[in-house]
Amino acid sequence: MQETLMPKSKATRLREQRARQQEYRDAQKKLRRPGRDDIARIALQWLIVNTAKLAEREGNPARMNRVEEAILEKLVEQGFDQAASDRALGDLIDRYVDGGWDFRRKPHLWAGDHIKGDGTKDPMDGPF
């Protein structure tokens with residue numbers, strides 16, 4: 001005789017999903033695997049800083065303007081306000097280029113026994 005299973009309640013499904021997501025995030029953290037946003041932040045900072053340097057070296061500010069316009073276009077396509085996006089991007093560019101703004105270290109990634117490729121302990125490890 002087959003027994004019919006009752007469908008799980010929405011609250012139960014959400015609770016189980018949260019638990020699975022937390023397990024996944026914990027595993028990724030343990031592996032020190034960067035996520036999409038970590039990679040995107042690094043890529044954007046690299047793009048902005050290096051494009052600004054190249055534009056300055058060439059004496060061609062239009063090069064940086066093209067990058068800004070392309071980013072703004074994609075933000076507006078996603079539904080963001082043009083003027084607000086322009087201000088936010090301008091602030092970010094100013095911080096990266098003029099202020100030498102860099103990313104905060106992620107001490108939780110360095111806590112413990114991080115071993116470099118040559119087998120020695122990384123000096124960045126410390127009591128965090």
# chains A, B, ... in the order shown; residues from 1 in each chain; ligands from 1
call {"tool": "select_by_dssp", "arguments": {"residues": "region 57-104 of chain A", "states": "helix (DSSP H, G or I)", "output": "mmCIF file with C-alpha atoms, in the first residue's frame"}}
result
data_model
loop_
_atom_site.group_PDB
_atom_site.id
_atom_site.type_symbol
_atom_site.label_atom_id
_atom_site.label_comp_id
_atom_site.auth_asym_id
_atom_site.auth_seq_id
_atom_site.Cartn_x
_atom_site.Cartn_y
_atom_site.Cartn_z
ATOM 1 C CA ARG A 57 49.324 58.069 -19.970
ATOM 2 C CA GLU A 58 47.829 58.525 -23.438
ATOM 3 C CA PRO A 61 40.294 61.134 -21.191
ATOM 4 C CA ALA A 62 37.736 59.826 -23.697
ATOM 5 C CA ARG A 63 39.018 56.296 -22.959
ATOM 6 C CA MET A 64 37.803 56.557 -19.351
ATOM 7 C CA ASN A 65 34.572 58.191 -20.495
ATOM 8 C CA ARG A 66 33.785 55.183 -22.707
ATOM 9 C CA VAL A 67 34.137 52.834 -19.749
ATOM 10 C CA GLU A 68 31.921 55.053 -17.586
ATOM 11 C CA GLU A 69 29.274 55.302 -20.310
ATOM 12 C CA ALA A 70 29.241 51.528 -20.837
ATOM 13 C CA ILE A 71 28.803 50.856 -17.115
ATOM 14 C CA LEU A 72 26.090 53.515 -16.801
ATOM 15 C CA GLU A 73 24.226 52.125 -19.789
ATOM 16 C CA LYS A 74 24.104 48.660 -18.198
ATOM 17 C CA LEU A 75 22.965 50.086 -14.842
ATOM 18 C CA VAL A 76 20.133 51.996 -16.515
ATOM 19 C CA GLU A 77 19.158 48.864 -18.500
ATOM 20 C CA GLN A 82 20.560 57.518 -14.696
ATOM 21 C CA ALA A 83 21.506 60.506 -12.520
ATOM 22 C CA ALA A 84 21.818 58.472 -9.319
ATOM 23 C CA SER A 85 23.925 55.861 -11.133
ATOM 24 C CA ASP A 86 26.165 58.563 -12.577
ATOM 25 C CA ARG A 87 26.758 60.042 -9.118
ATOM 26 C CA ALA A 88 27.395 56.650 -7.516
ATOM 27 C CA LEU A 89 29.805 55.584 -10.255
ATOM 28 C CA GLY A 90 31.563 58.951 -10.164
ATOM 29 C CA ASP A 91 32.046 58.642 -6.399
ATOM 30 C CA LEU A 92 33.426 55.139 -6.797
ATOM 31 C CA ILE A 93 35.815 56.206 -9.549
ATOM 32 C CA ASP A 94 37.014 59.131 -7.433
ATOM 33 C CA ARG A 95 37.693 56.812 -4.504
ATOM 34 C CA TYR A 96 39.558 54.259 -6.622
ATOM 35 C CA VAL A 97 41.559 56.688 -8.731
#
call {"tool": "atom_distance", "arguments": {"atom1": "CA of Gln45 (chain A)", "atom2": "CA of Gly100 (chain A)"}}
result
10.5 Å
call {"tool": "atom_distance", "arguments": {"atom1": "CA of Tyr24 (chain A)", "atom2": "CA of Asp37 (chain A)"}}
result
15.8 Å
call {"tool": "decode", "arguments": {"residues": "region 19-92 of chain A", "atoms": "C-alpha atoms", "output": "PDB file, in the first residue's frame"}}
result
ATOM      1  CA  ALA A  19      19.868  25.793   6.298  1.00  0.00           C
ATOM      2  CA  ARG A  20      21.166  24.478   2.933  1.00  0.00           C
ATOM      3  CA  GLN A  21      22.287  27.966   1.890  1.00  0.00           C
ATOM      4  CA  GLN A  22      24.091  28.510   5.196  1.00  0.00           C
ATOM      5  CA  GLU A  23      25.863  25.149   4.850  1.00  0.00           C
ATOM      6  CA  TYR A  24      26.908  26.122   1.318  1.00  0.00           C
ATOM      7  CA  ARG A  25      28.203  29.555   2.439  1.00  0.00           C
ATOM      8  CA  ASP A  26      30.102  27.964   5.328  1.00  0.00           C
ATOM      9  CA  ALA A  27      31.707  25.425   2.978  1.00  0.00           C
ATOM     10  CA  GLN A  28      32.704  28.169   0.516  1.00  0.00           C
ATOM     11  CA  LYS A  29      34.197  30.227   3.350  1.00  0.00           C
ATOM     12  CA  LYS A  30      36.162  27.227   4.608  1.00  0.00           C
ATOM     13  CA  LEU A  31      37.503  26.656   1.083  1.00  0.00           C
ATOM     14  CA  ARG A  32      38.282  30.393   0.812  1.00  0.00           C
ATOM     15  CA  ARG A  33      36.466  30.379  -2.507  1.00  0.00           C
ATOM     16  CA  PRO A  34      35.540  33.867  -3.729  1.00  0.00           C
ATOM     17  CA  GLY A  35      31.983  34.475  -4.754  1.00  0.00           C
ATOM     18  CA  ARG A  36      30.660  36.332  -7.766  1.00  0.00           C
ATOM     19  CA  ASP A  37      30.519  39.647  -5.908  1.00  0.00           C
ATOM     20  CA  ASP A  38      34.103  39.297  -4.630  1.00  0.00           C
ATOM     21  CA  ILE A  39      35.354  38.729  -8.166  1.00  0.00           C
ATOM     22  CA  ALA A  40      33.190  41.509  -9.591  1.00  0.00           C
ATOM     23  CA  ARG A  41      34.516  44.030  -7.039  1.00  0.00           C
ATOM     24  CA  ILE A  42      38.127  43.174  -7.888  1.00  0.00           C
ATOM     25  CA  ALA A  43      37.433  43.263 -11.631  1.00  0.00           C
ATOM     26  CA  LEU A  44      35.669  46.633 -11.451  1.00  0.00           C
ATOM     27  CA  GLN A  45      38.424  48.177  -9.331  1.00  0.00           C
ATOM     28  CA  TRP A  46      41.086  46.843 -11.720  1.00  0.00           C
ATOM     29  CA  LEU A  47      39.178  48.093 -14.776  1.00  0.00           C
ATOM     30  CA  ILE A  48      38.654  51.576 -13.360  1.00  0.00           C
ATOM     31  CA  VAL A  49      42.185  52.075 -12.020  1.00  0.00           C
ATOM     32  CA  ASN A  50      43.958  50.696 -15.081  1.00  0.00           C
ATOM     33  CA  THR A  51      41.721  52.484 -17.574  1.00  0.00           C
ATOM     34  CA  ALA A  52      42.290  55.760 -15.722  1.00  0.00           C
ATOM     35  CA  LYS A  53      46.073  55.195 -15.769  1.00  0.00           C
ATOM     36  CA  LEU A  54      46.017  54.373 -19.478  1.00  0.00           C
ATOM     37  CA  ALA A  55      43.835  57.389 -20.273  1.00  0.00           C
ATOM     38  CA  GLU A  56      46.248  59.629 -18.369  1.00  0.00           C
ATOM     39  CA  ARG A  57      49.324  58.069 -19.970  1.00  0.00           C
ATOM     40  CA  GLU A  58      47.829  58.525 -23.438  1.00  0.00           C
ATOM     41  CA  GLY A  59      46.398  61.954 -22.661  1.00  0.00           C
ATOM     42  CA  ASN A  60      43.054  60.537 -23.779  1.00  0.00           C
ATOM     43  CA  PRO A  61      40.294  61.134 -21.191  1.00  0.00           C
ATOM     44  CA  ALA A  62      37.736  59.826 -23.697  1.00  0.00           C
ATOM     45  CA  ARG A  63      39.018  56.296 -22.959  1.00  0.00           C
ATOM     46  CA  MET A  64      37.803  56.557 -19.351  1.00  0.00           C
ATOM     47  CA  ASN A  65      34.572  58.191 -20.495  1.00  0.00           C
ATOM     48  CA  ARG A  66      33.785  55.183 -22.707  1.00  0.00           C
ATOM     49  CA  VAL A  67      34.137  52.834 -19.749  1.00  0.00           C
ATOM     50  CA  GLU A  68      31.921  55.053 -17.586  1.00  0.00           C
ATOM     51  CA  GLU A  69      29.274  55.302 -20.310  1.00  0.00           C
ATOM     52  CA  ALA A  70      29.241  51.528 -20.837  1.00  0.00           C
ATOM     53  CA  ILE A  71      28.803  50.856 -17.115  1.00  0.00           C
ATOM     54  CA  LEU A  72      26.090  53.515 -16.801  1.00  0.00           C
ATOM     55  CA  GLU A  73      24.226  52.125 -19.789  1.00  0.00           C
ATOM     56  CA  LYS A  74      24.104  48.660 -18.198  1.00  0.00           C
ATOM     57  CA  LEU A  75      22.965  50.086 -14.842  1.00  0.00           C
ATOM     58  CA  VAL A  76      20.133  51.996 -16.515  1.00  0.00           C
ATOM     59  CA  GLU A  77      19.158  48.864 -18.500  1.00  0.00           C
ATOM     60  CA  GLN A  78      18.748  47.118 -15.147  1.00  0.00           C
ATOM     61  CA  GLY A  79      16.353  49.817 -13.981  1.00  0.00           C
ATOM     62  CA  PHE A  80      18.622  52.124 -11.994  1.00  0.00           C
ATOM     63  CA  ASP A  81      18.154  55.884 -12.212  1.00  0.00           C
ATOM     64  CA  GLN A  82      20.560  57.518 -14.696  1.00  0.00           C
ATOM     65  CA  ALA A  83      21.506  60.506 -12.520  1.00  0.00           C
ATOM     66  CA  ALA A  84      21.818  58.472  -9.319  1.00  0.00           C
ATOM     67  CA  SER A  85      23.925  55.861 -11.133  1.00  0.00           C
ATOM     68  CA  ASP A  86      26.165  58.563 -12.577  1.00  0.00           C
ATOM     69  CA  ARG A  87      26.758  60.042  -9.118  1.00  0.00           C
ATOM     70  CA  ALA A  88      27.395  56.650  -7.516  1.00  0.00           C
ATOM     71  CA  LEU A  89      29.805  55.584 -10.255  1.00  0.00           C
ATOM     72  CA  GLY A  90      31.563  58.951 -10.164  1.00  0.00           C
ATOM     73  CA  ASP A  91      32.046  58.642  -6.399  1.00  0.00           C
ATOM     74  CA  LEU A  92      33.426  55.139  -6.797  1.00  0.00           C
TER      75      LEU A  92
END
